[in-house]
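Everything below belongs to work.txt, which stores compact mmCIF, C-alpha atoms and all ligand atoms.
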# COMPACT_ATOMS: atom_id res chain seq x y z
CA MET X 1 5.25 -197.02 -50.44
CA ILE X 2 4.08 -193.85 -48.76
CA THR X 3 6.42 -190.89 -49.24
CA HIS X 4 4.75 -187.81 -47.75
CA PHE X 5 1.64 -185.91 -46.80
CA ALA X 6 0.48 -184.50 -50.16
CA ASP X 7 -2.64 -182.73 -48.89
CA LEU X 8 -4.54 -182.17 -45.70
CA LYS X 9 -8.15 -181.07 -45.94
CA LEU X 10 -9.68 -179.48 -42.86
CA LYS X 11 -12.99 -177.85 -42.01
CA THR X 12 -13.21 -174.17 -41.10
CA VAL X 13 -15.97 -171.84 -39.98
CA SER X 14 -14.39 -168.94 -41.89
CA LEU X 15 -12.56 -169.03 -45.21
CA GLN X 16 -11.69 -165.36 -44.76
CA GLY X 17 -10.27 -166.16 -41.36
CA VAL X 18 -7.99 -168.92 -42.62
CA LYS X 19 -6.87 -166.74 -45.53
CA GLN X 20 -5.93 -163.94 -43.15
CA PHE X 21 -3.96 -166.39 -41.06
CA TYR X 22 -2.26 -168.73 -43.55
CA HIS X 23 -1.80 -166.25 -46.40
CA ASP X 24 -1.50 -162.83 -44.76
CA LEU X 25 0.49 -163.92 -41.68
CA LEU X 26 2.24 -167.16 -42.73
CA HIS X 27 2.56 -166.13 -46.40
CA PHE X 28 1.44 -169.50 -47.76
CA PRO X 29 0.66 -169.05 -51.48
CA VAL X 30 -3.00 -169.55 -52.43
CA ALA X 31 -3.15 -172.31 -55.07
CA ARG X 32 -6.93 -172.36 -55.50
CA GLU X 33 -9.83 -170.38 -54.14
CA GLU X 34 -13.47 -171.26 -54.60
CA GLU X 35 -16.73 -170.31 -52.91
CA ASN X 36 -16.48 -172.97 -50.19
CA GLU X 37 -12.85 -173.98 -50.31
CA ILE X 38 -9.36 -172.54 -50.26
CA GLU X 39 -6.12 -174.37 -50.95
CA PHE X 40 -2.74 -173.17 -49.74
CA GLN X 41 0.54 -174.41 -51.11
CA PRO X 42 3.23 -174.08 -48.42
CA THR X 43 5.62 -176.19 -50.54
CA PRO X 44 5.47 -177.44 -54.15
CA ASP X 45 4.62 -180.94 -52.85
CA VAL X 46 2.07 -180.11 -50.14
CA THR X 47 -1.31 -178.43 -50.15
CA LEU X 48 -3.37 -177.45 -47.13
CA THR X 49 -7.06 -177.18 -47.95
CA PHE X 50 -9.87 -175.68 -45.90
CA GLU X 51 -13.51 -176.35 -46.59
CA GLU X 52 -15.99 -173.93 -45.06
CA ALA X 53 -18.65 -175.67 -43.00
CA SER X 54 -21.50 -174.54 -40.80
CA GLU X 55 -20.63 -176.93 -38.00
CA PRO X 56 -18.38 -177.09 -34.94
CA VAL X 57 -14.72 -177.45 -35.86
CA THR X 58 -12.55 -179.79 -33.83
CA PRO X 59 -8.96 -178.54 -33.81
CA VAL X 60 -6.22 -180.64 -35.37
CA HIS X 61 -2.51 -180.78 -34.58
CA ILE X 62 -0.10 -180.36 -37.48
CA ALA X 63 3.64 -179.69 -37.68
CA PHE X 64 5.77 -178.29 -40.47
CA GLU X 65 9.46 -179.15 -40.66
CA VAL X 66 11.70 -176.09 -41.11
CA ALA X 67 15.47 -175.78 -41.49
CA PHE X 68 17.33 -176.19 -38.19
CA SER X 69 20.01 -173.63 -39.20
CA GLN X 70 17.27 -171.01 -39.61
CA PHE X 71 15.17 -171.98 -36.61
CA GLU X 72 15.90 -169.05 -34.30
CA LEU X 73 15.36 -166.54 -37.09
CA ILE X 74 12.12 -168.28 -38.06
CA VAL X 75 10.83 -168.15 -34.47
CA GLN X 76 11.69 -164.47 -34.25
CA LYS X 77 9.82 -163.69 -37.49
CA LEU X 78 6.88 -165.89 -36.50
CA GLY X 79 6.62 -164.25 -33.08
CA GLU X 80 6.18 -160.86 -34.76
CA GLN X 81 3.06 -162.19 -36.54
CA VAL X 82 1.27 -164.62 -34.20
CA PRO X 83 1.13 -165.28 -30.45
CA LEU X 84 3.44 -168.19 -29.63
CA LEU X 85 2.22 -170.69 -27.06
CA LYS X 86 3.93 -171.21 -23.72
CA TRP X 87 4.78 -174.35 -21.81
CA PRO X 88 3.59 -174.44 -18.18
CA ASP X 89 7.02 -173.15 -17.11
CA GLY X 90 6.75 -170.14 -19.44
CA LYS X 91 9.22 -171.17 -22.10
CA ILE X 92 8.21 -170.84 -25.75
CA VAL X 93 10.87 -172.74 -27.63
CA GLU X 94 11.63 -176.26 -26.55
CA TYR X 95 15.11 -177.54 -27.33
CA ILE X 96 15.28 -181.30 -27.09
CA ASP X 97 17.98 -183.79 -28.04
CA SER X 98 16.53 -184.33 -31.46
CA GLY X 99 15.63 -180.74 -32.29
CA ALA X 100 13.58 -177.67 -31.44
CA ASN X 101 9.98 -176.64 -31.84
CA VAL X 102 7.48 -173.85 -31.33
CA TYR X 103 3.67 -173.91 -31.26
CA PHE X 104 0.89 -171.48 -32.16
CA ARG X 105 -2.81 -171.64 -33.04
CA ASP X 106 -4.82 -170.50 -36.04
CA GLY X 107 -8.26 -168.83 -35.94
CA ASP X 108 -10.07 -172.17 -35.69
CA GLY X 109 -7.90 -173.25 -32.79
CA ASN X 110 -5.79 -175.71 -34.79
CA LEU X 111 -2.52 -176.36 -33.00
CA VAL X 112 0.28 -175.65 -35.47
CA GLU X 113 3.93 -176.45 -34.81
CA PHE X 114 7.14 -175.50 -36.54
CA ILE X 115 9.78 -178.11 -35.77
CA ALA X 116 13.43 -178.42 -36.80
CA HIS X 117 15.93 -181.26 -36.44
CA PRO X 118 19.70 -180.93 -36.81
CA TYR X 119 19.90 -184.38 -38.46
CA VAL X 120 17.73 -183.30 -41.41
CA LYS X 121 20.13 -182.75 -44.29
CA GLU X 122 19.66 -179.27 -45.70
CA GLY X 123 19.77 -178.62 -49.42
CA VAL X 124 17.76 -181.75 -50.28
CA LEU X 125 14.37 -180.04 -50.20
CA ALA X 126 14.32 -176.29 -50.82
CA PRO X 127 13.00 -174.15 -47.96
CA ASN X 128 9.79 -172.41 -48.97
CA GLY X 129 8.39 -169.00 -48.14
CA THR X 130 9.09 -166.62 -45.28
CA TYR X 131 9.45 -169.44 -42.75
CA GLY X 132 11.53 -171.83 -44.84
CA ILE X 133 9.07 -174.71 -44.76
CA LEU X 134 10.50 -178.03 -45.95
CA TYR X 135 7.52 -180.37 -45.63
CA LEU X 136 4.39 -181.18 -43.65
CA ARG X 137 5.84 -183.50 -41.05
CA GLU X 138 3.04 -184.26 -38.59
CA VAL X 139 -0.70 -184.73 -38.62
CA GLY X 140 -2.29 -185.73 -35.33
CA LEU X 141 -4.71 -188.66 -35.35
CA PRO X 142 -6.38 -189.05 -31.96
CA VAL X 143 -8.09 -192.44 -31.74
CA GLU X 144 -9.71 -194.45 -28.97
CA ASP X 145 -7.41 -197.43 -29.51
CA PRO X 146 -4.01 -196.14 -30.63
CA ILE X 147 -2.33 -199.55 -30.44
CA ALA X 148 -4.83 -201.17 -32.81
CA ALA X 149 -4.76 -198.17 -35.14
CA ARG X 150 -0.98 -198.06 -35.47
CA LEU X 151 -0.75 -201.81 -36.07
CA TRP X 152 -3.39 -201.55 -38.77
CA MET X 153 -1.46 -198.69 -40.40
CA LYS X 154 1.78 -200.66 -40.20
CA GLN X 155 0.29 -203.81 -41.70
CA THR X 156 -2.01 -202.27 -44.30
CA LEU X 157 -0.07 -199.18 -45.34
CA GLY X 158 3.49 -200.45 -44.79
CA LEU X 159 4.29 -197.64 -42.34
CA THR X 160 7.01 -197.67 -39.68
CA LEU X 161 6.39 -197.20 -35.96
CA ALA X 162 8.55 -195.09 -33.64
CA LYS X 163 8.44 -193.77 -30.06
CA GLU X 164 5.68 -196.23 -29.19
CA SER X 165 3.92 -196.10 -25.85
CA ASP X 166 0.41 -197.04 -24.73
CA GLN X 167 -0.93 -193.63 -25.71
CA PHE X 168 1.44 -192.41 -28.43
CA ALA X 169 3.32 -193.42 -31.57
CA PHE X 170 4.73 -191.86 -34.68
CA VAL X 171 3.50 -193.83 -37.68
CA ILE X 172 5.96 -192.93 -40.40
CA GLY X 173 6.20 -193.11 -44.18
CA GLY X 174 8.90 -191.02 -45.87
CA THR X 175 8.56 -187.50 -44.43
CA ALA X 176 5.02 -188.11 -43.12
CA HIS X 177 4.64 -188.66 -39.38
CA ALA X 178 1.09 -189.49 -38.36
CA VAL X 179 0.93 -188.81 -34.62
CA VAL X 180 -1.39 -191.59 -33.51
CA VAL X 181 -2.42 -190.78 -29.97
CA SER X 182 -5.06 -191.76 -27.48
CA THR X 183 -7.98 -189.37 -27.14
CA MET X 184 -7.10 -189.55 -23.42
CA ARG X 185 -3.71 -187.91 -24.02
CA LYS X 186 -3.68 -184.12 -24.32
CA TRP X 187 -1.59 -182.21 -26.89
CA ILE X 188 1.45 -180.37 -25.64
CA PRO X 189 2.37 -177.68 -24.73
CA ILE X 190 -1.04 -176.34 -23.63
CA ALA X 191 -2.72 -179.59 -22.47
CA MET X 192 -5.32 -179.38 -25.24
CA TYR X 193 -7.89 -182.15 -25.45
CA ALA X 194 -6.99 -184.44 -28.35
CA LEU X 195 -10.42 -184.78 -29.95
CA ALA X 196 -10.74 -186.49 -33.31
CA PRO X 197 -11.11 -183.85 -36.02
CA SER X 198 -13.00 -184.23 -39.28
CA MET X 199 -10.30 -184.26 -41.95
CA GLU X 200 -9.07 -185.92 -45.09
CA ILE X 201 -5.41 -186.87 -45.32
CA THR X 202 -3.85 -187.48 -48.73
CA TYR X 203 -0.69 -189.52 -48.67
CA GLY X 204 1.60 -189.41 -51.69
CA VAL X 205 2.57 -192.93 -52.77
CA THR X 206 5.22 -194.12 -55.21
CA ASP X 207 3.36 -196.33 -57.66
CA GLU X 208 0.21 -198.12 -58.77
CA SER X 209 1.41 -201.52 -57.58
CA PHE X 210 1.52 -200.20 -54.01
CA LEU X 211 -2.04 -198.93 -54.44
CA ASP X 212 -3.06 -202.36 -55.75
CA ARG X 213 -1.69 -204.08 -52.67
CA VAL X 214 -3.51 -201.73 -50.31
CA ARG X 215 -6.68 -201.99 -52.39
CA SER X 216 -6.66 -205.77 -52.24
CA SER X 217 -6.14 -205.81 -48.48
CA LEU X 218 -8.86 -203.31 -47.61
CA ASP X 219 -12.27 -204.34 -46.43
CA ARG X 220 -14.50 -203.18 -49.34
CA ARG X 221 -16.84 -201.48 -46.91
CA LEU X 222 -14.07 -199.05 -45.95
CA ILE X 223 -13.55 -197.78 -49.51
CA ILE X 224 -15.29 -194.46 -50.22
CA SER X 225 -14.09 -193.97 -53.79
CA ASP X 226 -11.47 -195.35 -56.13
CA THR X 227 -10.76 -192.98 -59.01
CA GLU X 228 -7.87 -191.26 -60.76
CA GLU X 229 -7.88 -188.89 -57.77
CA GLY X 230 -6.66 -191.86 -55.76
CA LEU X 231 -7.97 -194.50 -53.41
CA LEU X 232 -10.09 -192.97 -50.65
CA PHE X 233 -11.05 -195.03 -47.62
CA ARG X 234 -12.07 -194.76 -43.97
CA MET X 235 -9.57 -195.60 -41.28
CA TYR X 236 -10.40 -195.35 -37.58
CA GLY X 237 -12.81 -192.48 -38.24
CA TYR X 238 -10.57 -190.63 -40.69
CA SER X 239 -10.73 -190.24 -44.46
CA ILE X 240 -7.44 -191.33 -46.01
CA ARG X 241 -6.55 -190.92 -49.66
CA LEU X 242 -3.59 -192.55 -51.39
CA ARG X 243 -2.48 -190.83 -54.57
CA VAL X 244 0.49 -191.59 -56.82
CA THR X 245 2.88 -188.63 -57.00
CA SER X 246 6.42 -188.11 -58.23
CA PHE X 247 7.81 -187.26 -54.79
CA PRO X 248 11.12 -189.20 -54.46
CA ASP X 249 10.77 -192.68 -52.95
CA ASP X 250 14.16 -192.36 -51.23
CA ILE X 251 13.38 -189.01 -49.61
CA ALA X 252 13.81 -190.29 -46.04
CA VAL X 253 17.30 -191.60 -46.83
CA ARG X 254 18.27 -188.43 -48.67
CA LEU X 255 17.09 -186.28 -45.77
CA ASN X 256 18.90 -188.54 -43.31
CA LEU X 257 15.74 -189.21 -41.29
CA PRO X 258 16.42 -191.64 -38.41
CA HIS X 259 13.72 -194.17 -39.35
CA ALA X 260 14.84 -194.31 -43.00
CA ALA X 261 16.84 -197.53 -42.72
CA VAL X 262 14.05 -199.29 -40.80
CA GLY X 263 11.49 -198.06 -43.31
CA GLU X 264 13.50 -199.45 -46.20
CA GLU X 265 13.60 -202.84 -44.50
CA VAL X 266 9.89 -202.89 -43.81
CA ASN X 267 9.06 -201.89 -47.35
CA SER X 268 11.39 -204.42 -48.90
CA VAL X 269 9.82 -207.18 -46.78
CA ILE X 270 6.38 -206.06 -47.91
CA ASN X 271 7.51 -206.02 -51.53
CA GLU X 272 8.96 -209.51 -51.25
CA VAL X 273 5.95 -211.17 -49.71
CA GLY X 274 3.46 -209.06 -51.61
CA GLN X 275 -0.21 -209.48 -50.95
CA SER X 276 0.09 -212.25 -48.40
CA THR X 277 1.02 -209.83 -45.64
CA PHE X 278 -1.48 -207.22 -46.72
FE FE X 301 3.88 -182.30 -32.80

Translate the structure described by the file into structure tokens.
Amino acid sequence: MITHFADLKLKTVSLQGVKQFYHDLLHFPVAREEENEIEFQPTPDVTLTFEEASEPVTPVHIAFEVAFSQFELIVQKLGEQVPLLKWPDGKIVEYIDSGANVYFRDGDGNLVEFIAHPYVKEGVLAPNGTYGILYLREVGLPVEDPIAARLWMKQTLGLTLAKESDQFAFVIGGTAHAVVVSTMRKWIPIAMYALAPSMEITYGVTDESFLDRVRSSLDRRLIISDTEEGLLFRMYGYSIRLRVTSFPDDIAVRLNLPHAAVGEEVNSVINEVGQSTF
């Protein structure tokens, strides 16, 4: 099963620019730095990689989960470093039933969110860095046909759907929430066009047998590479990699995430019927 976002690889027009933003302002440790690539490590289990490219960069939406008990302090510290985005009514922090969030943009225009939920059990994952980051929660995947894409992800990757509408759904595995949206729906809070960015998402998965089931269900033409670095394939215009990691398979339950029980059910059904449903 899928447990988390292990890496997200984005394009940038300036490595120096992303370093000034993610390292100097957000204090993400630099795990690796090469001529054309830089890798940040906001938590021990997540890397954020930027590859420099001489081409237009389409902004992506990502969200990091932070501790709810620290949220106001985090927003205060963040606001001293970067301009925080406003909603049309002028507010910056949105408090909703299930939590609170704040948005800002990096130098390439990527829409970054810090989000916190009171139901997330603290003390399970250690908060990391100045802003107490727990995990990479969201990666936005704008697609032309969000209903087909989310069903494919559910059936082929064993993910769980939540908050489904014609233009939106969370497609969830462990802590990872792919935000599968229509390219017709704009990103909040600044009504930003949801164009499809060029990116490579690496999902952490629990074991080789899960990889085998996905491998056997994939159309061969979608597979880009299949090595010890994981299984890399195309999915609705995106590059997706599945890589076995040691991230806990029961992380959603331990964190008390609301979809955890449903996810367990879905995964146990998939395990029981094996390849036939894949
Ligand atoms: Fe979001």

Subject >> Near-region 91-108 of chain X list (10 Å; only C-alpha atoms; drop same-chain fewer than 6 positions) as an MDAnalysis selection string >> reply: chainID X and resid 11:14 17:22 56:66 68 71:72 74:75 78:79 82:85 114:120 188:190

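Atom pair CA of Ala162 (chain X) / CA of Ala178 (chain X): separated by 10.5 Å.
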
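Put simply, CA of Ile201 (chain X) is 18.8 Å away from CA of Asp219 (chain X).
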
Tell me, as a PDB file with C-alpha atoms, in the coordinates of the input, which residues lie within 12 Å of Tyr238 (chain X), counting all atoms listed in the file; anything in the same chain fewer than 5 positions away does not count.
ATOM      1  CA  LEU X   8      -4.540-182.170 -45.700  1.00  0.00           C
ATOM      2  CA  LYS X   9      -8.150-181.070 -45.940  1.00  0.00           C
ATOM      3  CA  LEU X  10      -9.680-179.480 -42.860  1.00  0.00           C
ATOM      4  CA  VAL X 139      -0.700-184.730 -38.620  1.00  0.00           C
ATOM      5  CA  GLY X 140      -2.290-185.730 -35.330  1.00  0.00           C
ATOM      6  CA  LEU X 141      -4.710-188.660 -35.350  1.00  0.00           C
ATOM      7  CA  PRO X 142      -6.380-189.050 -31.960  1.00  0.00           C
ATOM      8  CA  VAL X 143      -8.090-192.440 -31.740  1.00  0.00           C
ATOM      9  CA  ALA X 149      -4.760-198.170 -35.140  1.00  0.00           C
ATOM     10  CA  ALA X 178       1.090-189.490 -38.360  1.00  0.00           C
ATOM     11  CA  VAL X 180      -1.390-191.590 -33.510  1.00  0.00           C
ATOM     12  CA  ALA X 196     -10.740-186.490 -33.310  1.00  0.00           C
ATOM     13  CA  PRO X 197     -11.110-183.850 -36.020  1.00  0.00           C
ATOM     14  CA  SER X 198     -13.000-184.230 -39.280  1.00  0.00           C
ATOM     15  CA  MET X 199     -10.300-184.260 -41.950  1.00  0.00           C
ATOM     16  CA  GLU X 200      -9.070-185.920 -45.090  1.00  0.00           C
ATOM     17  CA  ILE X 201      -5.410-186.870 -45.320  1.00  0.00           C
ATOM     18  CA  THR X 202      -3.850-187.480 -48.730  1.00  0.00           C
ATOM     19  CA  LEU X 222     -14.070-199.050 -45.950  1.00  0.00           C
ATOM     20  CA  ILE X 223     -13.550-197.780 -49.510  1.00  0.00           C
ATOM     21  CA  ILE X 224     -15.290-194.460 -50.220  1.00  0.00           C
ATOM     22  CA  LEU X 232     -10.090-192.970 -50.650  1.00  0.00           C
ATOM     23  CA  PHE X 233     -11.050-195.030 -47.620  1.00  0.00           C
TER      24      PHE X 233
END

**OP:** Fewer than 3 positions away in the same chain doesn't count, so skip those; otherwise give me all residues within 12 Å of Leu134 (chain X), counting all atoms listed in the file, as a PyMOL selection string.
**Re:** chain X and resi 4-5+41-46+63-68+70+114-117+120-131+137+175-176+251+255

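Take CA of Asp89 (chain X) and CA of Trp187 (chain X): the distance between them is 15.9 Å.
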
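These residues, each with an atom at most 10 Å from (-5.1, -186.0, -62.1) using all atoms listed in the file, are X:Thr227, X:Glu228, X:Glu229, X:Gly230, X:Arg243, X:Val244, X:Thr245.
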
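Here the residues that fall within 9 Å of (9.6, -191.5, -42.1), using all atoms listed in the file, are given as X:Ile2, X:Thr3, X:His4, X:Arg137, X:Leu159, X:Thr160, X:Leu161, X:Phe170, X:Val171, X:Ile172, X:Gly173, X:Gly174, X:Thr175, X:Ala176, X:His177, X:Ile251, X:Ala252, X:Leu257, X:Pro258, X:His259, X:Ala260, X:Gly263.
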
Original post:
Out of X:Trp87, X:Trp152, X:Tyr135, X:Phe50, which residue has the shortest atom-to-atom distance to Ser217 (chain X) when counting all atoms listed in the file?
Top reply: X:Trp152

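Restricting the calculation to all atoms listed in the file, the smallest distance between ligand FE 301 (chain X) and any of X:Leu136, X:Leu231, X:Val214, X:Leu157 is found for X:Leu136.
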
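Closest approach to ligand FE 301 (chain X) among X:Ala194, X:Leu26, X:Leu111, X:Ile147 is made by X:Leu111 (distances from all atoms listed in the file).
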
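Between Ser246 (chain X) and the residues X:Val205, X:Ala148, X:Leu211, X:Met184, the shortest atom-to-atom distance, using only C-alpha atoms, involves X:Val205.
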
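For the set X:Gln76, X:Thr47, X:Ser69, X:Asn110, the residue with the smallest atom-to-atom gap to ligand FE 301 (chain X) is X:Asn110, counting only C-alpha atoms and all ligand atoms.
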
Subject >> Which of X:Tyr236, X:Glu138, X:Ser216, X:Glu51 sits closest to ligand FE 301 (chain X) [using all atoms listed in the file] >> reply: X:Glu138
